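Data file: protein30.cif. Format and content: mmCIF, C-alpha atoms.
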```
data_start
loop_
_atom_site.label_atom_id
_atom_site.label_comp_id
_atom_site.auth_asym_id
_atom_site.auth_seq_id
_atom_site.Cartn_x
_atom_site.Cartn_y
_atom_site.Cartn_z
CA LEU Z 1 104.49 57.55 201.64
CA GLY Z 2 102.16 54.73 200.59
CA TYR Z 3 103.54 55.03 197.20
CA LYS Z 4 107.09 54.71 198.43
CA LEU Z 5 106.24 51.70 200.52
CA LEU Z 6 104.59 50.18 197.55
CA SER Z 7 107.63 50.65 195.46
CA ARG Z 8 109.82 48.99 198.11
CA GLU Z 9 107.48 46.02 198.18
CA VAL Z 10 107.50 45.84 194.48
CA PHE Z 11 111.27 45.87 194.50
CA SER Z 12 111.42 43.09 197.07
CA LEU Z 13 108.97 41.09 195.09
CA GLN Z 14 110.84 41.52 191.92
CA PRO Z 15 113.79 39.16 192.57
CA SER Z 16 111.48 36.27 193.40
CA LEU Z 17 109.37 37.18 190.45
CA LEU Z 18 112.49 37.11 188.39
CA ASN Z 19 113.31 33.65 189.71
CA LEU Z 20 109.87 32.45 188.89
CA ARG Z 21 110.13 33.80 185.42
CA ALA Z 22 113.54 32.22 184.94
CA GLU Z 23 112.17 28.87 186.00
CA GLU Z 24 109.13 29.40 183.89
CA GLY Z 25 111.44 30.45 181.15
CA ARG Z 26 113.43 27.26 181.57
CA ASN Z 27 110.29 25.17 181.64
CA GLN Z 28 108.96 27.07 178.73
CA SER Z 29 112.08 26.57 176.71
CA ALA Z 30 112.01 22.87 177.59
CA GLU Z 31 108.37 22.81 176.57
CA THR Z 32 109.06 24.64 173.38
CA GLU Z 33 112.07 22.43 172.74
CA ARG Z 34 109.87 19.38 173.03
CA GLU Z 35 107.19 21.03 171.00
CA ARG Z 36 109.69 22.03 168.38
CA GLU Z 37 110.97 18.45 168.27
CA ARG Z 38 107.41 17.23 167.86
CA GLU Z 39 106.80 19.82 165.15
CA ARG Z 40 109.91 18.66 163.33
CA GLU Z 41 108.79 15.02 163.61
CA ARG Z 42 105.42 15.96 162.24
CA GLU Z 43 107.04 17.88 159.41
CA ARG Z 44 109.20 14.87 158.56
CA GLU Z 45 106.13 12.62 158.65
CA ARG Z 46 104.32 14.99 156.37
CA GLU Z 47 107.34 15.13 154.07
CA ARG Z 48 107.48 11.36 153.92
CA GLU Z 49 103.76 11.17 153.30
CA ARG Z 50 103.98 13.82 150.62
CA GLU Z 51 106.81 11.85 148.99
CA THR Z 52 104.67 8.75 148.71
CA MET Z 53 101.59 10.73 147.72
CA LEU Z 54 102.95 12.04 144.42
CA PHE Z 55 103.07 8.74 142.56
CA PHE Z 56 100.03 7.42 144.38
CA SER Z 57 98.05 10.43 143.12
CA TYR Z 58 99.62 10.03 139.71
CA PHE Z 59 98.59 6.40 139.44
CA LYS Z 60 95.11 7.23 140.69
CA ASP Z 61 94.73 9.48 137.66
CA LEU Z 62 95.93 6.65 135.46
CA VAL Z 63 93.20 4.22 136.54
CA GLY Z 64 91.41 2.81 133.49
CA GLN Z 65 94.43 2.99 131.19
CA GLU Z 66 96.23 0.11 129.57
CA VAL Z 67 99.60 -0.43 131.17
CA THR Z 68 102.32 -3.07 131.10
CA VAL Z 69 103.80 -3.89 134.47
CA GLU Z 70 107.25 -5.43 134.38
CA LEU Z 71 108.17 -7.25 137.55
CA LYS Z 72 111.57 -7.82 139.09
CA ASN Z 73 111.32 -11.50 138.17
CA ASP Z 74 111.14 -10.40 134.49
CA LEU Z 75 107.47 -11.31 134.15
CA ALA Z 76 105.65 -8.62 132.15
CA ILE Z 77 101.88 -8.30 132.40
CA ARG Z 78 99.67 -6.12 130.28
CA GLY Z 79 96.30 -5.03 131.60
CA THR Z 80 93.93 -2.25 132.55
CA LEU Z 81 94.89 -0.42 135.71
CA HIS Z 82 92.06 -1.10 138.13
CA SER Z 83 93.37 0.36 141.33
CA VAL Z 84 96.45 1.35 143.24
CA ASP Z 85 97.18 2.00 146.90
CA GLN Z 86 99.61 3.87 149.11
CA TYR Z 87 102.19 1.07 148.82
CA LEU Z 88 101.82 1.31 145.04
CA ASN Z 89 100.39 -2.20 144.99
CA ILE Z 90 98.66 -2.55 141.63
CA LYS Z 91 95.51 -4.34 140.62
CA LEU Z 92 95.18 -5.13 136.94
CA GLU Z 93 92.13 -6.32 135.07
CA ASN Z 94 91.86 -8.11 131.77
CA THR Z 95 95.45 -9.24 131.99
CA ARG Z 96 97.58 -10.94 129.39
CA VAL Z 97 101.12 -12.03 129.94
CA VAL Z 98 103.58 -10.62 127.40
CA ASP Z 99 105.54 -13.83 126.83
CA GLN Z 100 102.67 -16.28 127.37
CA ASP Z 101 104.55 -19.42 126.29
CA LYS Z 102 107.17 -18.90 128.94
CA TYR Z 103 104.55 -18.65 131.69
CA PRO Z 104 101.95 -21.39 131.10
CA HIS Z 105 100.64 -21.14 134.65
CA MET Z 106 99.39 -17.62 133.96
CA LEU Z 107 97.12 -18.76 131.14
CA SER Z 108 93.79 -18.44 132.93
CA VAL Z 109 94.68 -15.44 135.09
CA ARG Z 110 92.49 -12.51 134.05
CA ASN Z 111 92.76 -10.24 137.10
CA CYS Z 112 95.66 -9.94 139.44
CA PHE Z 113 97.02 -8.11 142.42
CA ILE Z 114 100.67 -7.15 142.16
CA ARG Z 115 102.62 -6.28 145.29
CA GLY Z 116 104.22 -2.87 144.90
CA SER Z 117 107.60 -4.08 146.14
CA VAL Z 118 108.09 -6.42 143.17
CA VAL Z 119 107.42 -3.90 140.40
CA ARG Z 120 110.39 -2.92 138.27
CA TYR Z 121 108.64 -0.80 135.62
CA VAL Z 122 105.18 0.40 134.79
CA GLN Z 123 105.04 1.03 131.05
CA LEU Z 124 102.51 3.65 130.05
CA PRO Z 125 100.99 4.78 126.78
CA PRO Z 126 102.87 7.90 125.66
CA ASP Z 127 99.68 9.91 125.27
CA GLY Z 128 98.26 8.68 128.54
CA VAL Z 129 100.53 10.97 130.50
CA ASP Z 130 100.34 14.70 130.95
CA VAL Z 131 104.07 15.16 131.29
CA ASP Z 132 103.86 18.86 132.07
CA LEU Z 133 101.45 18.30 134.93
CA LEU Z 134 103.70 15.65 136.38
CA HIS Z 135 106.71 17.86 135.88
CA ASP Z 136 105.04 20.69 137.78
CA ALA Z 137 103.94 18.38 140.58
CA ALA Z 138 107.47 17.04 140.92
CA ARG Z 139 108.93 20.54 141.01
CA ARG Z 140 106.47 21.48 143.73
CA GLU Z 141 107.42 18.40 145.72
CA ALA Z 142 111.10 19.18 145.38
CA ARG Z 143 110.54 22.73 146.56
CA GLY Z 144 108.97 21.36 149.71
CA GLY Z 145 105.29 21.28 148.95
CA MET V 1 97.80 1.34 157.37
CA SER V 2 95.67 4.46 157.50
CA TRP V 3 91.99 4.04 156.98
CA ALA V 4 90.82 4.92 153.50
CA ALA V 5 89.13 8.28 153.17
CA PRO V 6 85.75 8.25 151.41
CA ASP V 7 87.13 8.91 147.97
CA ASP V 8 90.08 6.61 148.56
CA ILE V 9 87.76 3.62 148.77
CA PHE V 10 87.66 3.37 144.98
CA PHE V 11 91.38 3.35 144.62
CA SER V 12 92.28 1.26 147.58
CA THR V 13 93.69 -1.99 146.30
CA SER V 14 92.18 -4.57 148.56
CA LEU V 15 92.34 -8.30 148.37
CA ALA V 16 88.80 -8.49 149.74
CA ALA V 17 87.50 -9.08 146.23
CA TYR V 18 89.59 -12.26 146.12
CA LEU V 19 88.33 -13.80 149.36
CA ASP V 20 87.21 -17.42 149.10
CA LYS V 21 88.32 -17.49 145.48
CA LYS V 22 90.75 -19.93 143.97
CA LEU V 23 93.93 -18.06 143.34
CA LEU V 24 97.40 -18.45 141.92
CA VAL V 25 100.06 -16.98 144.17
CA LEU V 26 103.51 -16.39 142.69
CA LEU V 27 106.29 -16.29 145.23
CA ARG V 28 109.66 -14.57 145.03
CA ASP V 29 111.50 -17.90 144.88
CA GLY V 30 109.57 -18.80 141.73
CA ARG V 31 107.12 -21.18 143.34
CA LYS V 32 103.52 -21.24 142.22
CA LEU V 33 100.99 -21.88 144.93
CA MET V 34 97.30 -22.30 144.33
CA GLY V 35 94.39 -22.39 146.70
CA LEU V 36 91.52 -20.52 148.32
CA LEU V 37 92.21 -17.16 149.89
CA ARG V 38 90.79 -17.13 153.38
CA SER V 39 92.45 -14.09 154.94
CA PHE V 40 94.88 -11.26 154.25
CA ASP V 41 96.24 -8.09 155.78
CA GLN V 42 97.88 -4.81 154.78
CA PHE V 43 101.25 -6.51 154.17
CA ALA V 44 99.67 -8.97 151.75
CA ASN V 45 100.22 -11.78 154.26
CA ALA V 46 97.72 -14.41 153.22
CA VAL V 47 96.02 -17.50 154.52
CA ILE V 48 95.51 -20.04 151.76
CA GLU V 49 93.34 -23.08 152.33
CA GLU V 50 93.66 -26.31 150.32
CA ALA V 51 96.94 -25.01 149.01
CA TYR V 52 98.97 -26.96 146.51
CA GLU V 53 102.17 -26.21 144.68
CA ARG V 54 102.07 -26.50 140.92
CA VAL V 55 105.49 -27.55 139.72
CA ILE V 56 106.07 -27.07 136.00
CA VAL V 57 109.01 -28.51 134.10
CA GLY V 58 108.71 -28.08 130.35
CA ASP V 59 105.44 -29.71 129.35
CA LEU V 60 105.15 -31.70 132.57
CA TYR V 61 103.40 -30.50 135.67
CA CYS V 62 102.40 -31.82 139.07
CA ASP V 63 100.19 -30.51 141.85
CA ILE V 64 101.67 -31.22 145.27
CA PRO V 65 99.11 -30.79 148.07
CA LEU V 66 100.19 -28.60 150.97
CA GLY V 67 97.12 -28.01 153.11
CA LEU V 68 96.61 -24.80 155.09
CA TYR V 69 99.27 -22.17 154.47
CA ILE V 70 100.12 -18.76 155.82
CA ILE V 71 102.27 -16.82 153.38
CA ARG V 72 104.36 -13.91 154.60
CA GLY V 73 103.54 -10.92 152.43
CA GLU V 74 107.12 -10.00 151.59
CA ASN V 75 107.45 -13.22 149.56
CA VAL V 76 104.40 -12.53 147.46
CA VAL V 77 105.00 -11.39 143.88
CA LEU V 78 101.54 -11.65 142.44
CA ILE V 79 98.11 -12.93 143.36
CA GLY V 80 96.08 -13.88 140.33
CA GLU V 81 92.41 -14.71 140.10
CA LEU V 82 91.88 -17.80 138.00
CA ASP V 83 89.13 -17.65 135.42
CA ILE V 84 87.20 -20.89 135.94
CA GLU V 85 85.93 -20.80 132.40
CA LYS V 86 89.41 -20.83 130.96
CA GLU V 87 91.85 -23.68 130.91
CA GLU V 88 94.43 -23.29 133.63
CA LEU V 89 97.18 -24.71 131.50
CA PRO V 90 97.90 -25.14 127.77
CA ALA V 91 96.50 -28.36 126.30
CA GLN V 92 99.85 -29.96 125.55
CA MET V 93 100.83 -30.13 129.21
CA VAL V 94 100.83 -33.49 130.89
CA GLN V 95 100.20 -34.17 134.57
CA VAL V 96 102.72 -36.51 136.16
CA SER V 97 103.42 -37.88 139.60
CA GLU V 98 105.42 -36.11 142.27
CA ALA V 99 108.38 -38.44 141.90
CA GLU V 100 108.53 -37.92 138.17
CA ILE V 101 108.35 -34.14 138.40
CA LYS V 102 111.12 -34.14 141.00
CA ARG V 103 113.28 -36.14 138.59
CA ALA V 104 112.45 -33.73 135.79
CA GLN V 105 113.34 -30.80 138.05
CA LYS V 106 116.72 -32.32 138.86
CA ALA V 107 117.42 -32.96 135.19
CA GLU V 108 116.51 -29.39 134.35
CA LYS V 109 118.75 -28.02 137.09
CA GLU V 110 121.68 -30.09 135.86
CA GLU V 111 121.06 -28.91 132.33
CA MET V 112 121.05 -25.30 133.50
CA LEU V 113 124.30 -25.84 135.39
CA LEU V 114 125.87 -27.41 132.36
CA LYS V 115 124.73 -24.57 130.16
CA GLY V 116 126.17 -22.10 132.63
CA LEU V 117 129.49 -23.94 132.68
CA MET V 118 129.66 -24.13 128.90
CA ARG V 119 128.90 -20.44 128.67
CA LYS V 120 131.65 -19.66 131.12
CA ARG V 121 134.12 -21.73 129.15
CA MET V 122 133.19 -19.91 125.98
CA GLU V 123 133.43 -16.48 127.57
CA PHE V 124 137.08 -16.04 126.65
CA LEU V 125 136.00 -16.14 123.02
CA ASP V 126 135.05 -12.59 122.19
CA LEU V 127 132.24 -13.67 119.87
CA ASP V 128 130.31 -10.42 120.08
#
```
Just dump the structure as structure tokens.
Amino acid sequence: LGYKLLSREVFSLQPSLLNLRAEEGRNQSAETERERERERERERERERERETMLFFSYFKDLVGQEVTVELKNDLAIRGTLHSVDQYLNIKLENTRVVDQDKYPHMLSVRNCFIRGSVVRYVQLPPDGVDVDLLHDAARREARGG
Amino acid sequence: MSWAAPDDIFFSTSLAAYLDKKLLVLLRDGRKLMGLLRSFDQFANAVIEEAYERVIVGDLYCDIPLGLYIIRGENVVLIGELDIEKEELPAQMVQVSEAEIKRAQKAEKEEMLLKGLMRKRMEFLDLD
């Protein structure tokens, strides 16, 4: 008898339990929806960061090499790569301007900071680059990291 | 800007090394500003004290004093540290007054315009 009563109680409980679970379910799905959105945002952030990291890391390995930086205003500067940052701003040491006569004001400039946004090309020594390593890194990036 | 991690410190390109130094700042519009770097930020905005603009036309140049300047980073092309032991300009260059350099600038601009016009007139000739 106790058992039967129990089962009746359980049955009467069940609908409300079901309601609770539905609400919980709804809340949960809202939660998970938000969480999923956040996860996606984070993934995108990470993707973006990873995109900028490839060349940043690449330039970090190039520090100490002789490079020629050609700017969007056609000025070309040769120098030793001193440092680089996440914006791909470049610091060169021991600089010489390629066409010195055209840029007299640059005569006594030996070190300079170049804003990343104005760089057109960075010319590298052909043997200063491990092309295969870069190739692999790029393939990994393209695949999604 | 994210803070540099310990081994990023070496590679972080910071203008801190240029503080209080006399610098040459090249701007996107071709202007050359010179002065002492007093402050900067992650966008390469800069505060330049005792700034002056060095206008160069051919072998003539003139330094026009500007005072205290804040430069918006997006206009900055290059910030160069001037070697005090080296001559800033080639020996044949002559310093002139502001009025004279402005005249020289105008003359140069007219010459450029004329050259451009002549070139346009000659374009119909397929000289290549």
Restrict the calculation to all atoms listed in the file, then for each residue of chain V with any atom at most 8 Å from an atom of chain Z give the closest atom pair and their distance in Å to one decimal, rows by chain and rising residue number, as CSV.
```
residue,atom,partner,partner_atom,distance
V:Phe10,CA,Z:Ser83,CA,7.4
V:Phe11,CA,Z:Ser83,CA,4.9
V:Ser12,CA,Z:Asp85,CA,5.0
V:Thr13,CA,Z:Val84,CA,5.3
V:Leu15,CA,Z:Phe113,CA,7.6
V:Leu24,CA,Z:Val109,CA,7.9
V:Arg28,CA,Z:Asn73,CA,7.7
V:Ala44,CA,Z:Arg115,CA,7.6
V:Val76,CA,Z:Arg115,CA,6.9
V:Val77,CA,Z:Arg115,CA,5.8
V:Leu78,CA,Z:Ile114,CA,4.6
V:Ile79,CA,Z:Phe113,CA,5.0
V:Gly80,CA,Z:Cys112,CA,4.1
V:Glu81,CA,Z:Asn111,CA,5.4
V:Leu82,CA,Z:Val109,CA,4.7
V:Asp83,CA,Z:Ser108,CA,5.3
V:Ile84,CA,Z:Ser108,CA,7.6
V:Lys86,CA,Z:Ser108,CA,5.4
V:Glu87,CA,Z:Ser108,CA,5.9
V:Glu88,CA,Z:Ser108,CA,4.9
V:Leu89,CA,Z:Pro104,CA,5.8
V:Pro90,CA,Z:Pro104,CA,6.4
```
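CA of Leu124 in chain Z sits 22.7 Å away from CA of Ser14 in chain V.
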Coordinates-based distance that separates CA of Val57 in chain V from CA of Glu100 in chain V (Å, one decimal):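 Between these atoms lies a distance of 10.3 Å.
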Neighbours of Arg72 in chain V within 12 Å (only C-alpha atoms; same-chain residues fewer than 5 positions away dropped), as a PyMOL selection string? chain V and resi 25+27-28+39-48+77
Go ahead and compute the interatomic distance for CA of Ala51 in chain V and CA of Lys102 in chain V, in Å to one decimal. 18.7 Å
Given the point (101.0, -29.2, 127.1) in the coordinates of this file, which residues lie within 10 Å, counting all atoms listed in the file, and how would they look as a count of residues only? 12
Choose the residue, out of V:Ile101, V:Met122, V:Arg38, V:Asn75, that has the smallest atom-to-atom separation from Arg54 in chain V; count only C-alpha atoms.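 When distances to Arg54 in chain V are compared using only C-alpha atoms, the smallest one comes from V:Ile101.
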